[in-house]
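K.L.:
Following this line is model.cif, made up of mmCIF, C-alpha atoms (C1' of nucleotides):
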data_data
loop_
_atom_site.label_atom_id
_atom_site.label_comp_id
_atom_site.auth_asym_id
_atom_site.auth_seq_id
_atom_site.Cartn_x
_atom_site.Cartn_y
_atom_site.Cartn_z
CA MET A 1 14.21 21.60 17.80
CA ALA A 2 13.33 17.94 17.88
CA GLU A 3 15.86 15.46 16.64
CA GLU A 4 14.85 13.74 13.50
CA PHE A 5 13.66 10.20 13.47
CA ASP A 6 13.63 8.28 10.24
CA LEU A 7 11.64 5.10 10.14
CA GLU A 8 13.62 4.03 7.10
CA GLN A 9 16.71 3.93 9.26
CA PHE A 10 15.14 2.16 12.18
CA LEU A 11 16.61 -1.28 12.50
CA PRO A 12 13.62 -3.22 13.85
CA PHE A 13 11.56 -1.93 10.98
CA ARG A 14 14.15 -2.70 8.34
CA LEU A 15 14.91 -6.10 9.75
CA ASN A 16 11.29 -7.08 9.84
CA ARG A 17 10.60 -5.92 6.35
CA ALA A 18 13.63 -7.73 5.01
CA ALA A 19 12.76 -10.93 6.84
CA GLU A 20 9.24 -10.88 5.48
CA PHE A 21 10.50 -10.38 1.99
CA ILE A 22 13.14 -13.10 2.13
CA ALA A 23 11.03 -15.62 4.00
CA LEU A 24 7.92 -15.09 1.94
CA ARG A 25 9.56 -15.99 -1.33
CA PHE A 26 10.75 -19.26 0.11
CA ALA A 27 7.49 -19.93 1.91
CA ALA A 28 5.69 -19.57 -1.38
CA ALA A 29 7.80 -22.39 -2.77
CA TYR A 30 7.19 -24.99 -0.08
CA LYS A 31 3.62 -23.96 0.31
CA ALA A 32 2.91 -24.33 -3.38
CA GLU A 33 4.78 -27.60 -3.76
CA TYR A 34 3.89 -29.34 -0.53
CA GLY A 35 1.14 -27.37 1.14
CA LEU A 36 3.28 -26.94 4.23
CA THR A 37 2.81 -24.16 6.71
CA ARG A 38 5.84 -22.42 8.16
CA PRO A 39 5.64 -24.12 11.54
CA GLU A 40 5.41 -27.46 9.74
CA TRP A 41 8.40 -26.74 7.56
CA ARG A 42 10.40 -25.57 10.54
CA THR A 43 9.55 -28.66 12.53
CA LEU A 44 10.44 -30.88 9.61
CA ALA A 45 13.70 -29.04 9.16
CA ALA A 46 14.58 -29.25 12.83
CA LEU A 47 13.98 -32.98 12.92
CA GLY A 48 15.60 -33.56 9.57
CA SER A 49 18.78 -31.77 10.47
CA SER A 50 19.10 -32.78 14.11
CA GLY A 51 17.48 -36.21 14.13
CA ARG A 52 15.32 -37.29 17.02
CA MET A 53 14.09 -34.49 19.27
CA THR A 54 11.32 -33.79 21.74
CA ALA A 55 8.64 -31.22 21.03
CA THR A 56 10.13 -28.86 23.57
CA GLU A 57 13.51 -29.14 21.93
CA VAL A 58 12.02 -28.37 18.55
CA GLY A 59 10.44 -25.28 20.04
CA VAL A 60 13.68 -24.03 21.57
CA HIS A 61 15.69 -24.84 18.49
CA SER A 62 13.48 -22.96 16.12
CA THR A 63 12.02 -20.43 18.56
CA MET A 64 8.44 -21.52 18.16
CA HIS A 65 5.75 -21.46 20.77
CA LYS A 66 4.89 -24.90 22.08
CA THR A 67 1.34 -24.74 20.77
CA LYS A 68 2.69 -24.10 17.31
CA VAL A 69 4.95 -27.07 17.62
CA SER A 70 2.14 -29.20 18.94
CA ARG A 71 -0.05 -28.38 15.97
CA ALA A 72 2.72 -28.81 13.46
CA VAL A 73 3.52 -32.21 14.92
CA PHE A 74 -0.10 -33.27 14.52
CA ALA A 75 -0.13 -32.14 10.92
CA LEU A 76 3.11 -33.89 10.05
CA GLU A 77 1.98 -37.02 11.84
CA GLU A 78 -1.19 -37.05 9.79
CA ARG A 79 0.88 -36.96 6.63
CA ARG A 80 2.92 -39.87 8.00
CA TRP A 81 6.06 -37.80 7.79
CA LEU A 82 6.75 -38.01 11.48
CA LYS A 83 6.26 -40.53 14.23
CA ARG A 84 6.17 -40.21 17.98
CA MET A 85 8.01 -42.59 20.24
CA GLN A 86 7.69 -42.68 23.93
CA HIS A 87 10.55 -42.15 26.25
CA GLU A 88 11.24 -45.20 28.35
CA ASP A 89 11.81 -43.40 31.63
CA ASP A 90 9.58 -40.38 31.37
CA ARG A 91 6.13 -40.83 29.96
CA ARG A 92 5.51 -37.10 29.64
CA VAL A 93 8.12 -36.81 26.94
CA GLU A 94 7.70 -37.82 23.33
CA HIS A 95 10.59 -38.35 21.03
CA LEU A 96 9.80 -37.22 17.55
CA GLU A 97 11.45 -38.48 14.44
CA LEU A 98 10.85 -38.45 10.73
CA THR A 99 9.50 -41.49 8.95
CA VAL A 100 11.15 -42.68 5.76
CA ALA A 101 8.62 -40.65 3.79
CA GLY A 102 9.32 -37.66 6.02
CA ALA A 103 13.04 -37.96 5.52
CA LYS A 104 12.51 -38.14 1.79
CA ALA A 105 10.34 -35.03 1.85
CA TYR A 106 12.98 -33.32 3.94
CA GLN A 107 15.63 -34.16 1.36
CA GLU A 108 13.53 -32.67 -1.40
CA LEU A 109 12.84 -29.57 0.63
CA THR A 110 16.48 -29.07 1.43
CA ARG A 111 17.11 -29.13 -2.29
CA LEU A 112 14.59 -26.32 -2.62
CA ALA A 113 16.32 -24.53 0.23
CA ARG A 114 19.72 -24.84 -1.38
CA ASP A 115 18.34 -23.57 -4.66
CA TYR A 116 16.93 -20.62 -2.84
CA SER A 117 20.20 -19.97 -1.05
CA ALA A 118 21.91 -19.85 -4.40
CA GLU A 119 19.27 -17.49 -5.70
CA LEU A 120 19.82 -15.28 -2.69
CA GLU A 121 23.51 -15.15 -3.40
CA THR A 122 22.90 -13.71 -6.84
CA LEU A 123 20.13 -11.51 -5.52
CA LEU A 124 22.16 -9.96 -2.70
CA GLY A 125 25.63 -10.33 -4.10
CA GLN A 126 28.60 -11.88 -2.34
CA ASP A 127 29.30 -8.79 -0.29
CA GLY A 128 25.72 -8.21 0.72
CA LEU A 129 25.38 -11.79 1.78
CA LYS A 130 28.56 -11.69 3.81
CA ALA A 131 27.54 -8.49 5.54
CA LEU A 132 24.10 -9.82 6.31
CA SER A 133 25.49 -13.01 7.70
CA ALA A 134 27.95 -11.14 9.90
CA GLY A 135 25.20 -8.86 11.14
CA LEU A 136 22.97 -11.79 11.94
CA ALA A 137 25.80 -13.44 13.80
CA ALA A 138 25.99 -10.36 16.01
CA VAL A 139 22.28 -10.60 16.71
CA GLU A 140 22.62 -14.27 17.48
CA THR A 141 25.35 -13.56 19.98
CA ALA A 142 23.13 -10.98 21.61
CA MET A 143 20.25 -13.44 21.69
CA ALA A 144 22.40 -16.03 23.39
CA LYS A 145 23.40 -13.49 26.01
CA ALA A 146 19.83 -12.37 26.56
CA ARG A 147 18.67 -15.90 27.09
CA ARG A 148 20.86 -16.25 30.14
CA MET B 149 25.66 -39.25 -0.41
CA ALA B 150 23.33 -36.37 0.21
CA GLU B 151 24.75 -32.91 0.66
CA GLU B 152 24.33 -31.51 4.09
CA PHE B 153 21.77 -28.88 4.87
CA ASP B 154 22.05 -26.90 8.06
CA LEU B 155 19.01 -24.97 9.17
CA GLU B 156 21.24 -22.86 11.39
CA GLN B 157 22.94 -21.53 8.30
CA PHE B 158 19.79 -20.95 6.30
CA LEU B 159 19.30 -17.26 5.78
CA PRO B 160 15.50 -17.03 5.79
CA PHE B 161 15.45 -18.85 9.09
CA ARG B 162 18.17 -16.76 10.68
CA LEU B 163 16.71 -13.53 9.41
CA ASN B 164 13.29 -14.32 10.71
CA ARG B 165 14.52 -15.36 14.09
CA ALA B 166 16.64 -12.24 14.44
CA ALA B 167 13.80 -9.98 13.33
CA GLU B 168 11.44 -11.51 15.84
CA PHE B 169 13.95 -11.05 18.60
CA ILE B 170 14.80 -7.46 17.77
CA ALA B 171 11.25 -6.36 17.03
CA LEU B 172 9.74 -8.06 20.04
CA ARG B 173 11.83 -6.17 22.54
CA PHE B 174 10.76 -2.89 21.06
CA ALA B 175 7.16 -3.96 20.63
CA ALA B 176 7.06 -4.77 24.32
CA ALA B 177 7.99 -1.18 25.06
CA TYR B 178 5.31 0.58 23.02
CA LYS B 179 2.75 -2.01 23.87
CA ALA B 180 3.34 -1.61 27.58
CA GLU B 181 3.49 2.19 27.51
CA TYR B 182 0.80 2.97 24.98
CA GLY B 183 -1.11 -0.21 24.26
CA LEU B 184 -0.30 0.07 20.60
CA THR B 185 -0.27 -2.87 18.24
CA ARG B 186 2.44 -3.19 15.66
CA PRO B 187 0.28 -2.12 12.72
CA GLU B 188 -0.80 0.91 14.74
CA TRP B 189 2.75 1.87 15.60
CA ARG B 190 3.82 1.43 12.01
CA THR B 191 1.00 3.57 10.73
CA LEU B 192 1.73 6.24 13.29
CA ALA B 193 5.39 6.17 12.37
CA ALA B 194 4.69 6.36 8.66
CA LEU B 195 2.44 9.37 9.08
CA GLY B 196 4.70 10.96 11.64
CA SER B 197 7.78 10.76 9.51
CA SER B 198 6.26 11.41 6.10
CA GLY B 199 3.34 13.69 6.90
CA ARG B 200 0.05 13.34 5.12
CA MET B 201 -0.47 10.07 3.25
CA THR B 202 -3.29 7.92 1.93
CA ALA B 203 -3.99 4.49 3.37
CA THR B 204 -2.60 2.83 0.28
CA GLU B 205 0.60 4.81 0.58
CA VAL B 206 0.96 3.81 4.21
CA GLY B 207 0.59 0.20 3.15
CA VAL B 208 3.23 0.43 0.46
CA HIS B 209 5.60 2.39 2.64
CA SER B 210 5.53 -0.04 5.52
CA THR B 211 4.64 -3.19 3.55
CA MET B 212 1.40 -3.83 5.34
CA HIS B 213 -1.68 -5.43 3.90
CA LYS B 214 -4.46 -2.93 3.29
CA THR B 215 -6.79 -4.56 5.79
CA LYS B 216 -4.14 -4.14 8.45
CA VAL B 217 -3.81 -0.49 7.56
CA SER B 218 -7.54 -0.03 7.55
CA ARG B 219 -7.88 -1.45 11.04
CA ALA B 220 -4.93 0.49 12.38
CA VAL B 221 -6.39 3.69 10.99
CA PHE B 222 -9.67 3.02 12.76
CA ALA B 223 -7.89 2.38 16.03
CA LEU B 224 -5.76 5.52 15.78
CA GLU B 225 -8.77 7.55 14.79
CA GLU B 226 -10.62 6.37 17.85
CA ARG B 227 -7.75 7.58 20.01
CA ARG B 228 -7.95 10.92 18.21
CA TRP B 229 -4.37 10.55 17.10
CA LEU B 230 -5.24 10.65 13.43
CA LYS B 231 -7.78 12.36 11.27
CA ARG B 232 -9.06 11.63 7.79
CA MET B 233 -9.50 14.33 5.21
CA GLN B 234 -11.15 13.86 1.91
CA HIS B 235 -9.43 14.43 -1.33
CA GLU B 236 -11.11 17.17 -3.34
CA ASP B 237 -10.95 15.49 -6.72
CA ASP B 238 -11.26 11.82 -5.88
CA ARG B 239 -13.75 10.82 -3.25
CA ARG B 240 -12.42 7.29 -2.95
CA VAL B 241 -9.19 8.55 -1.50
CA GLU B 242 -8.68 9.66 2.08
CA HIS B 243 -5.74 11.68 3.19
CA LEU B 244 -4.56 10.69 6.64
CA GLU B 245 -2.71 12.90 9.01
CA LEU B 246 -1.84 13.01 12.66
CA THR B 247 -3.69 15.25 15.05
CA VAL B 248 -1.76 17.39 17.50
CA ALA B 249 -2.17 14.66 20.09
CA GLY B 250 -1.02 12.11 17.55
CA ALA B 251 2.04 14.12 16.66
CA LYS B 252 2.88 14.43 20.33
CA ALA B 253 2.53 10.69 20.84
CA TYR B 254 4.70 10.17 17.80
CA GLN B 255 7.39 12.38 19.30
CA GLU B 256 7.37 10.41 22.51
CA LEU B 257 7.51 7.14 20.66
CA THR B 258 10.42 8.27 18.55
CA ARG B 259 12.23 9.00 21.76
CA LEU B 260 11.61 5.39 22.77
CA ALA B 261 12.82 4.31 19.35
CA ARG B 262 16.01 6.30 19.65
CA ASP B 263 16.65 4.86 23.08
CA TYR B 264 16.21 1.43 21.66
CA SER B 265 18.53 2.17 18.77
CA ALA B 266 21.18 3.17 21.26
CA GLU B 267 20.56 0.01 23.21
CA LEU B 268 20.96 -2.00 20.03
CA GLU B 269 24.26 -0.37 19.36
CA THR B 270 25.67 -1.60 22.64
CA LEU B 271 23.94 -4.94 22.21
CA LEU B 272 25.30 -5.65 18.75
CA GLY B 273 28.46 -3.60 18.83
CA GLN B 274 29.54 -1.05 16.26
CA ASP B 275 30.79 -3.65 13.84
CA GLY B 276 27.78 -5.90 14.13
CA LEU B 277 25.49 -2.97 13.59
CA LYS B 278 27.40 -1.80 10.55
CA ALA B 279 27.41 -5.27 9.02
CA LEU B 280 23.72 -5.72 9.66
CA SER B 281 22.91 -2.38 8.16
CA ALA B 282 24.98 -3.13 5.07
CA GLY B 283 23.34 -6.51 4.69
CA LEU B 284 19.90 -5.00 5.01
CA ALA B 285 20.78 -2.43 2.41
CA ALA B 286 21.55 -5.25 0.02
CA VAL B 287 18.16 -6.81 0.73
CA GLU B 288 16.49 -3.47 0.21
CA THR B 289 18.13 -3.06 -3.15
CA ALA B 290 16.93 -6.52 -4.11
CA MET B 291 13.44 -5.67 -2.94
CA ALA B 292 13.38 -2.54 -5.04
CA LYS B 293 14.42 -4.55 -8.07
CA ALA B 294 11.85 -7.24 -7.40
CA ARG B 295 9.07 -4.70 -7.17
CA ARG B 296 9.58 -3.65 -10.75
"C1'" DT C 297 -23.04 8.24 -23.11
"C1'" DC C 298 -22.86 4.12 -21.24
"C1'" DA C 299 -20.94 -0.25 -20.38
"C1'" DA C 300 -16.67 -2.49 -18.74
"C1'" DT C 301 -13.01 -2.29 -15.90
"C1'" DA C 302 -9.93 -0.52 -12.35
"C1'" DT C 303 -9.10 1.47 -7.84
"C1'" DG C 304 -9.43 3.02 -2.67
"C1'" DG C 305 -11.09 1.36 1.19
"C1'" DT C 306 -14.20 -1.71 4.21
"C1'" DT C 307 -16.21 -5.90 5.81
"C1'" DA C 308 -17.40 -10.96 6.38
"C1'" DC C 309 -15.57 -15.05 6.97
"C1'" DA C 310 -12.01 -18.51 7.66
"C1'" DA C 311 -7.49 -19.73 9.15
"C1'" DA C 312 -3.50 -18.96 12.15
"C1'" DT C 313 -1.79 -17.54 16.53
"C1'" DG C 314 -1.11 -16.57 21.55
"C1'" DT C 315 -2.71 -16.94 26.40
"C1'" DA C 316 -4.14 -19.44 29.88
"C1'" DA C 317 -6.10 -23.24 31.81
"C1'" DC C 318 -5.86 -28.10 31.86
"C1'" DT C 319 -4.22 -33.32 32.02
"C1'" DG C 320 -1.00 -36.49 33.08
"C1'" DT C 321 3.47 -37.51 34.84
"C1'" DC C 322 7.61 -36.76 37.45
"C1'" DT C 323 10.48 -34.87 41.46
"C1'" DA C 324 11.32 -33.13 45.92
"C1'" DT C 325 10.22 -32.50 50.64
"C1'" DT C 326 8.25 -33.98 54.59
"C1'" DA D 327 4.17 -42.78 51.31
"C1'" DA D 328 1.76 -38.29 50.67
"C1'" DT D 329 1.60 -33.79 49.26
"C1'" DA D 330 3.26 -29.77 46.66
"C1'" DG D 331 5.45 -28.03 42.92
"C1'" DA D 332 7.42 -28.48 38.28
"C1'" DC D 333 7.25 -29.90 33.61
"C1'" DA D 334 5.66 -31.98 28.71
"C1'" DG D 335 2.25 -31.55 25.89
"C1'" DT D 336 -2.80 -30.52 24.61
"C1'" DT D 337 -6.97 -27.92 24.31
"C1'" DA D 338 -10.38 -24.00 24.74
"C1'" DC D 339 -10.97 -19.46 23.99
"C1'" DA D 340 -9.99 -14.86 22.42
"C1'" DT D 341 -7.37 -12.07 19.30
"C1'" DT D 342 -5.04 -11.25 15.06
"C1'" DT D 343 -4.49 -11.99 10.41
"C1'" DG D 344 -5.29 -13.00 5.41
"C1'" DT D 345 -8.53 -13.93 1.50
"C1'" DA D 346 -12.11 -12.76 -1.00
"C1'" DA D 347 -16.12 -10.50 -1.75
"C1'" DC D 348 -17.98 -6.10 -1.57
"C1'" DC D 349 -19.33 -0.86 -2.06
"C1'" DA D 350 -18.52 3.42 -3.87
"C1'" DT D 351 -16.21 6.13 -7.06
"C1'" DA D 352 -13.29 6.95 -11.10
"C1'" DT D 353 -11.52 5.93 -15.73
"C1'" DT D 354 -11.52 3.96 -20.18
"C1'" DG D 355 -13.07 3.11 -24.62
"C1'" DA D 356 -16.67 1.63 -27.82
#
Can I see the file as structure tokens?
P.N.:
Amino acid sequence: MAEEFDLEQFLPFRLNRAAEFIALRFAAAYKAEYGLTRPEWRTLAALGSSGRMTATEVGVHSTMHKTKVSRAVFALEERRWLKRMQHEDDRRVEHLELTVAGAKAYQELTRLARDYSAELETLLGQDGLKALSAGLAAVETAMAKARR
Amino acid sequence: MAEEFDLEQFLPFRLNRAAEFIALRFAAAYKAEYGLTRPEWRTLAALGSSGRMTATEVGVHSTMHKTKVSRAVFALEERRWLKRMQHEDDRRVEHLELTVAGAKAYQELTRLARDYSAELETLLGQDGLKALSAGLAAVETAMAKARR
DNA sequence: TCAATATGGTTACAAATGTAACTGTCTATT
DNA sequence: AATAGACAGTTACATTTGTAACCATATTGA
């Protein structure tokens, strides 16, 4: 007799579904308020939290393909939320940083993000949140190992 | 002074990144072995584990947009892994079920899935896996509430 | 009974995404 | 130096996806 397989118990499936659910609710907020796409928000967040970075660094940091980053950078530049600065020694590289307007937008978006975090805490409960965070930490450790 | 916001700590971001990582490794397996897309695999899995369903039910079950389901059904039908049967009373509805070949493919894929689950256990460790599962359960509860 | 409305599923079109090829620049080896 | 290979970032093209309009059928209620 074949062993049972239950999709409902299968971690990749559950993880994906949960991520979609959690991310979508937040995405709806920044999309509605600012018309940002996810790659744009991620790029903004990377630069806002880590300061000046190159496009490649943004990609590694937020696990986005370099074409996504490239397009997001264009979009943010067009809004005047981001400026490019050339590296003195290596003209292939571009340093990216937020403009004053970009930094301001980032501040407002982080407020949204904090509000959402709080909402998640009530939605998932203290224990649920803790468990999820611990579980994600385990995945992150595994990811770090896999990268090597 | 502005409160700090750390993207690395932001749950939607972490969850998404983890889901991509975990799902991608498995997707690589069924894509390489069977040339299945994710919507196709999900549809197959839904039908394989729950038996006969309608397209709408598949969509709800695996949280896929109905156009995705529609396309996946076409693809699986073309492979002769799935057949459509009409509902006697309501001619809008189609019952979907796996063919013998489809059921066989499903069995093989569940074997892959179980292998991957085992791999995940060593990758994340017992504790990590438990925590993740508990955290996901909390999200699932929240999702169920939100749906109402 | 017949309009109005809802529902299951498909399709056309537009937007987002990934792959691969490309440009320009740098580094290493000879 | 000169050539080959590597690397940052962009662009062209093909594929995937979502949105909205659509068709056919079913249900509701005047």
K.L.:
For chain B, work out the contacting residues on chain D at 10 Å, counting all atoms listed in the file, and write them as a list of chain:residue names.
P.N.:
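Written out as asked, the residues are D:DT342, D:DT343, D:DG344, D:DA350, D:DT351, D:DA352.
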K.L.:
Any idea which chain C residues end up within 12 Å of chain A if we count all atoms listed in the file, as a list in words please?
P.N.:
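Residues passing the distance filter: DA311, DA312, DT313, DG314, DT315, DA316, DT319, DG320, DT321, DC322 and DT323 of chain C.
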K.L.:
Once chain A is fitted onto chain B by least squares over all its in-order Cα atoms, send the moved chain as an mmCIF file with C-alpha atoms, keeping the file's coordinate frame.
P.N.:
data_model
loop_
_atom_site.group_PDB
_atom_site.id
_atom_site.type_symbol
_atom_site.label_atom_id
_atom_site.label_comp_id
_atom_site.auth_asym_id
_atom_site.auth_seq_id
_atom_site.Cartn_x
_atom_site.Cartn_y
_atom_site.Cartn_z
ATOM 1 C CA MET A 1 26.086 -39.155 -0.130
ATOM 2 C CA ALA A 2 23.652 -36.336 0.425
ATOM 3 C CA GLU A 3 25.003 -32.862 0.867
ATOM 4 C CA GLU A 4 24.517 -31.496 4.293
ATOM 5 C CA PHE A 5 21.927 -28.915 5.053
ATOM 6 C CA ASP A 6 22.176 -26.914 8.223
ATOM 7 C CA LEU A 7 19.129 -25.011 9.308
ATOM 8 C CA GLU A 8 21.332 -22.855 11.500
ATOM 9 C CA GLN A 9 23.015 -21.562 8.383
ATOM 10 C CA PHE A 10 19.874 -21.010 6.393
ATOM 11 C CA LEU A 11 19.361 -17.330 5.854
ATOM 12 C CA PRO A 12 15.555 -17.125 5.851
ATOM 13 C CA PHE A 13 15.513 -18.925 9.153
ATOM 14 C CA ARG A 14 18.205 -16.794 10.727
ATOM 15 C CA LEU A 15 16.743 -13.584 9.431
ATOM 16 C CA ASN A 16 13.323 -14.390 10.745
ATOM 17 C CA ARG A 17 14.554 -15.385 14.135
ATOM 18 C CA ALA A 18 16.656 -12.263 14.432
ATOM 19 C CA ALA A 19 13.814 -10.019 13.320
ATOM 20 C CA GLU A 20 11.472 -11.545 15.856
ATOM 21 C CA PHE A 21 13.979 -11.062 18.595
ATOM 22 C CA ILE A 22 14.811 -7.462 17.737
ATOM 23 C CA ALA A 23 11.264 -6.392 16.981
ATOM 24 C CA LEU A 24 9.728 -8.084 19.977
ATOM 25 C CA ARG A 25 11.817 -6.212 22.492
ATOM 26 C CA PHE A 26 10.753 -2.922 21.000
ATOM 27 C CA ALA A 27 7.153 -4.006 20.571
ATOM 28 C CA ALA A 28 7.043 -4.824 24.247
ATOM 29 C CA ALA A 29 7.949 -1.228 25.009
ATOM 30 C CA TYR A 30 5.286 0.520 22.954
ATOM 31 C CA LYS A 31 2.728 -2.068 23.802
ATOM 32 C CA ALA A 32 3.308 -1.701 27.515
ATOM 33 C CA GLU A 33 3.449 2.082 27.465
ATOM 34 C CA TYR A 34 0.762 2.888 24.939
ATOM 35 C CA GLY A 35 -1.157 -0.279 24.221
ATOM 36 C CA LEU A 36 -0.334 0.017 20.540
ATOM 37 C CA THR A 37 -0.321 -2.898 18.174
ATOM 38 C CA ARG A 38 2.418 -3.186 15.581
ATOM 39 C CA PRO A 39 0.255 -2.113 12.662
ATOM 40 C CA GLU A 40 -0.828 0.908 14.698
ATOM 41 C CA TRP A 41 2.712 1.862 15.574
ATOM 42 C CA ARG A 42 3.803 1.453 11.984
ATOM 43 C CA THR A 43 0.971 3.592 10.708
ATOM 44 C CA LEU A 44 1.716 6.250 13.282
ATOM 45 C CA ALA A 45 5.371 6.168 12.360
ATOM 46 C CA ALA A 46 4.668 6.394 8.653
ATOM 47 C CA LEU A 47 2.425 9.402 9.103
ATOM 48 C CA GLY A 48 4.674 10.990 11.672
ATOM 49 C CA SER A 49 7.756 10.781 9.531
ATOM 50 C CA SER A 50 6.240 11.459 6.122
ATOM 51 C CA GLY A 51 3.334 13.740 6.983
ATOM 52 C CA ARG A 52 0.045 13.415 5.177
ATOM 53 C CA MET A 53 -0.466 10.155 3.299
ATOM 54 C CA THR A 54 -3.276 8.020 1.953
ATOM 55 C CA ALA A 55 -4.005 4.591 3.368
ATOM 56 C CA THR A 56 -2.620 2.940 0.270
ATOM 57 C CA GLU A 57 0.580 4.902 0.588
ATOM 58 C CA VAL A 58 0.943 3.873 4.200
ATOM 59 C CA GLY A 59 0.555 0.272 3.130
ATOM 60 C CA VAL A 60 3.210 0.505 0.428
ATOM 61 C CA HIS A 61 5.572 2.449 2.624
ATOM 62 C CA SER A 62 5.501 0.010 5.467
ATOM 63 C CA THR A 63 4.610 -3.136 3.519
ATOM 64 C CA MET A 64 1.348 -3.779 5.282
ATOM 65 C CA HIS A 65 -1.743 -5.326 3.832
ATOM 66 C CA LYS A 66 -4.501 -2.815 3.220
ATOM 67 C CA THR A 67 -6.834 -4.457 5.711
ATOM 68 C CA LYS A 68 -4.201 -4.058 8.377
ATOM 69 C CA VAL A 69 -3.853 -0.429 7.520
ATOM 70 C CA SER A 70 -7.590 0.029 7.496
ATOM 71 C CA ARG A 71 -7.918 -1.406 10.978
ATOM 72 C CA ALA A 72 -4.970 0.495 12.337
ATOM 73 C CA VAL A 73 -6.417 3.719 10.980
ATOM 74 C CA PHE A 74 -9.698 3.031 12.756
ATOM 75 C CA ALA A 75 -7.906 2.377 16.011
ATOM 76 C CA LEU A 76 -5.776 5.497 15.790
ATOM 77 C CA GLU A 77 -8.782 7.563 14.804
ATOM 78 C CA GLU A 78 -10.629 6.337 17.860
ATOM 79 C CA ARG A 79 -7.774 7.522 20.033
ATOM 80 C CA ARG A 80 -7.957 10.891 18.267
ATOM 81 C CA TRP A 81 -4.380 10.527 17.147
ATOM 82 C CA LEU A 82 -5.244 10.664 13.490
ATOM 83 C CA LYS A 83 -7.794 12.390 11.330
ATOM 84 C CA ARG A 84 -9.067 11.694 7.856
ATOM 85 C CA MET A 85 -9.488 14.416 5.292
ATOM 86 C CA GLN A 86 -11.115 13.982 1.992
ATOM 87 C CA HIS A 87 -9.386 14.598 -1.244
ATOM 88 C CA GLU A 88 -10.991 17.399 -3.185
ATOM 89 C CA ASP A 89 -10.876 15.746 -6.588
ATOM 90 C CA ASP A 90 -11.194 12.082 -5.792
ATOM 91 C CA ARG A 91 -13.692 11.034 -3.193
ATOM 92 C CA ARG A 92 -12.355 7.489 -2.987
ATOM 93 C CA VAL A 93 -9.135 8.700 -1.454
ATOM 94 C CA GLU A 94 -8.645 9.756 2.134
ATOM 95 C CA HIS A 95 -5.720 11.780 3.263
ATOM 96 C CA LEU A 96 -4.588 10.765 6.683
ATOM 97 C CA GLU A 97 -2.715 12.944 9.077
ATOM 98 C CA LEU A 98 -1.854 13.010 12.735
ATOM 99 C CA THR A 99 -3.714 15.250 15.134
ATOM 100 C CA VAL A 100 -1.780 17.374 17.595
ATOM 101 C CA ALA A 101 -2.184 14.616 20.170
ATOM 102 C CA GLY A 102 -1.036 12.077 17.594
ATOM 103 C CA ALA A 103 2.021 14.100 16.732
ATOM 104 C CA LYS A 104 2.848 14.385 20.401
ATOM 105 C CA ALA A 105 2.505 10.638 20.870
ATOM 106 C CA TYR A 106 4.685 10.133 17.827
ATOM 107 C CA GLN A 107 7.372 12.348 19.330
ATOM 108 C CA GLU A 108 7.350 10.342 22.527
ATOM 109 C CA LEU A 109 7.494 7.087 20.632
ATOM 110 C CA THR A 110 10.389 8.239 18.525
ATOM 111 C CA ARG A 111 12.209 8.950 21.753
ATOM 112 C CA LEU A 112 11.583 5.345 22.737
ATOM 113 C CA ALA A 113 12.789 4.277 19.312
ATOM 114 C CA ARG A 114 15.980 6.272 19.598
ATOM 115 C CA ASP A 115 16.628 4.842 23.035
ATOM 116 C CA TYR A 116 16.194 1.410 21.609
ATOM 117 C CA SER A 117 18.502 2.161 18.705
ATOM 118 C CA ALA A 118 21.148 3.173 21.182
ATOM 119 C CA GLU A 119 20.566 0.006 23.148
ATOM 120 C CA LEU A 120 20.951 -1.991 19.968
ATOM 121 C CA GLU A 121 24.258 -0.340 19.276
ATOM 122 C CA THR A 122 25.665 -1.550 22.567
ATOM 123 C CA LEU A 123 23.962 -4.896 22.162
ATOM 124 C CA LEU A 124 25.311 -5.611 18.677
ATOM 125 C CA GLY A 125 28.456 -3.552 18.747
ATOM 126 C CA GLN A 126 29.515 -0.994 16.167
ATOM 127 C CA ASP A 127 30.774 -3.603 13.749
ATOM 128 C CA GLY A 128 27.776 -5.860 14.063
ATOM 129 C CA LEU A 129 25.465 -2.961 13.506
ATOM 130 C CA LYS A 130 27.360 -1.790 10.459
ATOM 131 C CA ALA A 131 27.390 -5.255 8.953
ATOM 132 C CA LEU A 132 23.710 -5.738 9.600
ATOM 133 C CA SER A 133 22.863 -2.421 8.076
ATOM 134 C CA ALA A 134 24.930 -3.160 4.983
ATOM 135 C CA GLY A 135 23.309 -6.559 4.638
ATOM 136 C CA LEU A 136 19.860 -5.076 4.954
ATOM 137 C CA ALA A 137 20.723 -2.504 2.340
ATOM 138 C CA ALA A 138 21.506 -5.355 -0.041
ATOM 139 C CA VAL A 139 18.136 -6.917 0.677
ATOM 140 C CA GLU A 140 16.438 -3.598 0.150
ATOM 141 C CA THR A 141 18.081 -3.218 -3.221
ATOM 142 C CA ALA A 142 16.888 -6.677 -4.146
ATOM 143 C CA MET A 143 13.388 -5.837 -2.966
ATOM 144 C CA ALA A 144 13.322 -2.731 -5.105
ATOM 145 C CA LYS A 145 14.365 -4.774 -8.114
ATOM 146 C CA ALA A 146 11.791 -7.457 -7.423
ATOM 147 C CA ARG A 147 9.029 -4.927 -7.194
ATOM 148 C CA ARG A 148 9.546 -3.914 -10.790
#
K.L.:
If you apply the PyMOL selection byres ((chain A) within 6 of (chain B)) to this file, what residues do you get, as a PyMOL selection string?
P.N.:
chain A and resi 12+15-16+19+22-23+124+128+131-132+134-135+138
K.L.:
For C1' of DT345 in chain D and CA of Tyr34 in chain A, quote the distance in Å rounded to one decimal.
P.N.:
19.9 Å
K.L.:
In terms of the shortest atom-to-atom distance over only C-alpha atoms, which of A:His95, A:Arg147, A:Arg84, A:Lys104 is closest to Thr56 in chain A?
P.N.:
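Nearest candidate to Thr56 in chain A out of A:His95, A:Arg147, A:Arg84, A:Lys104: A:His95.
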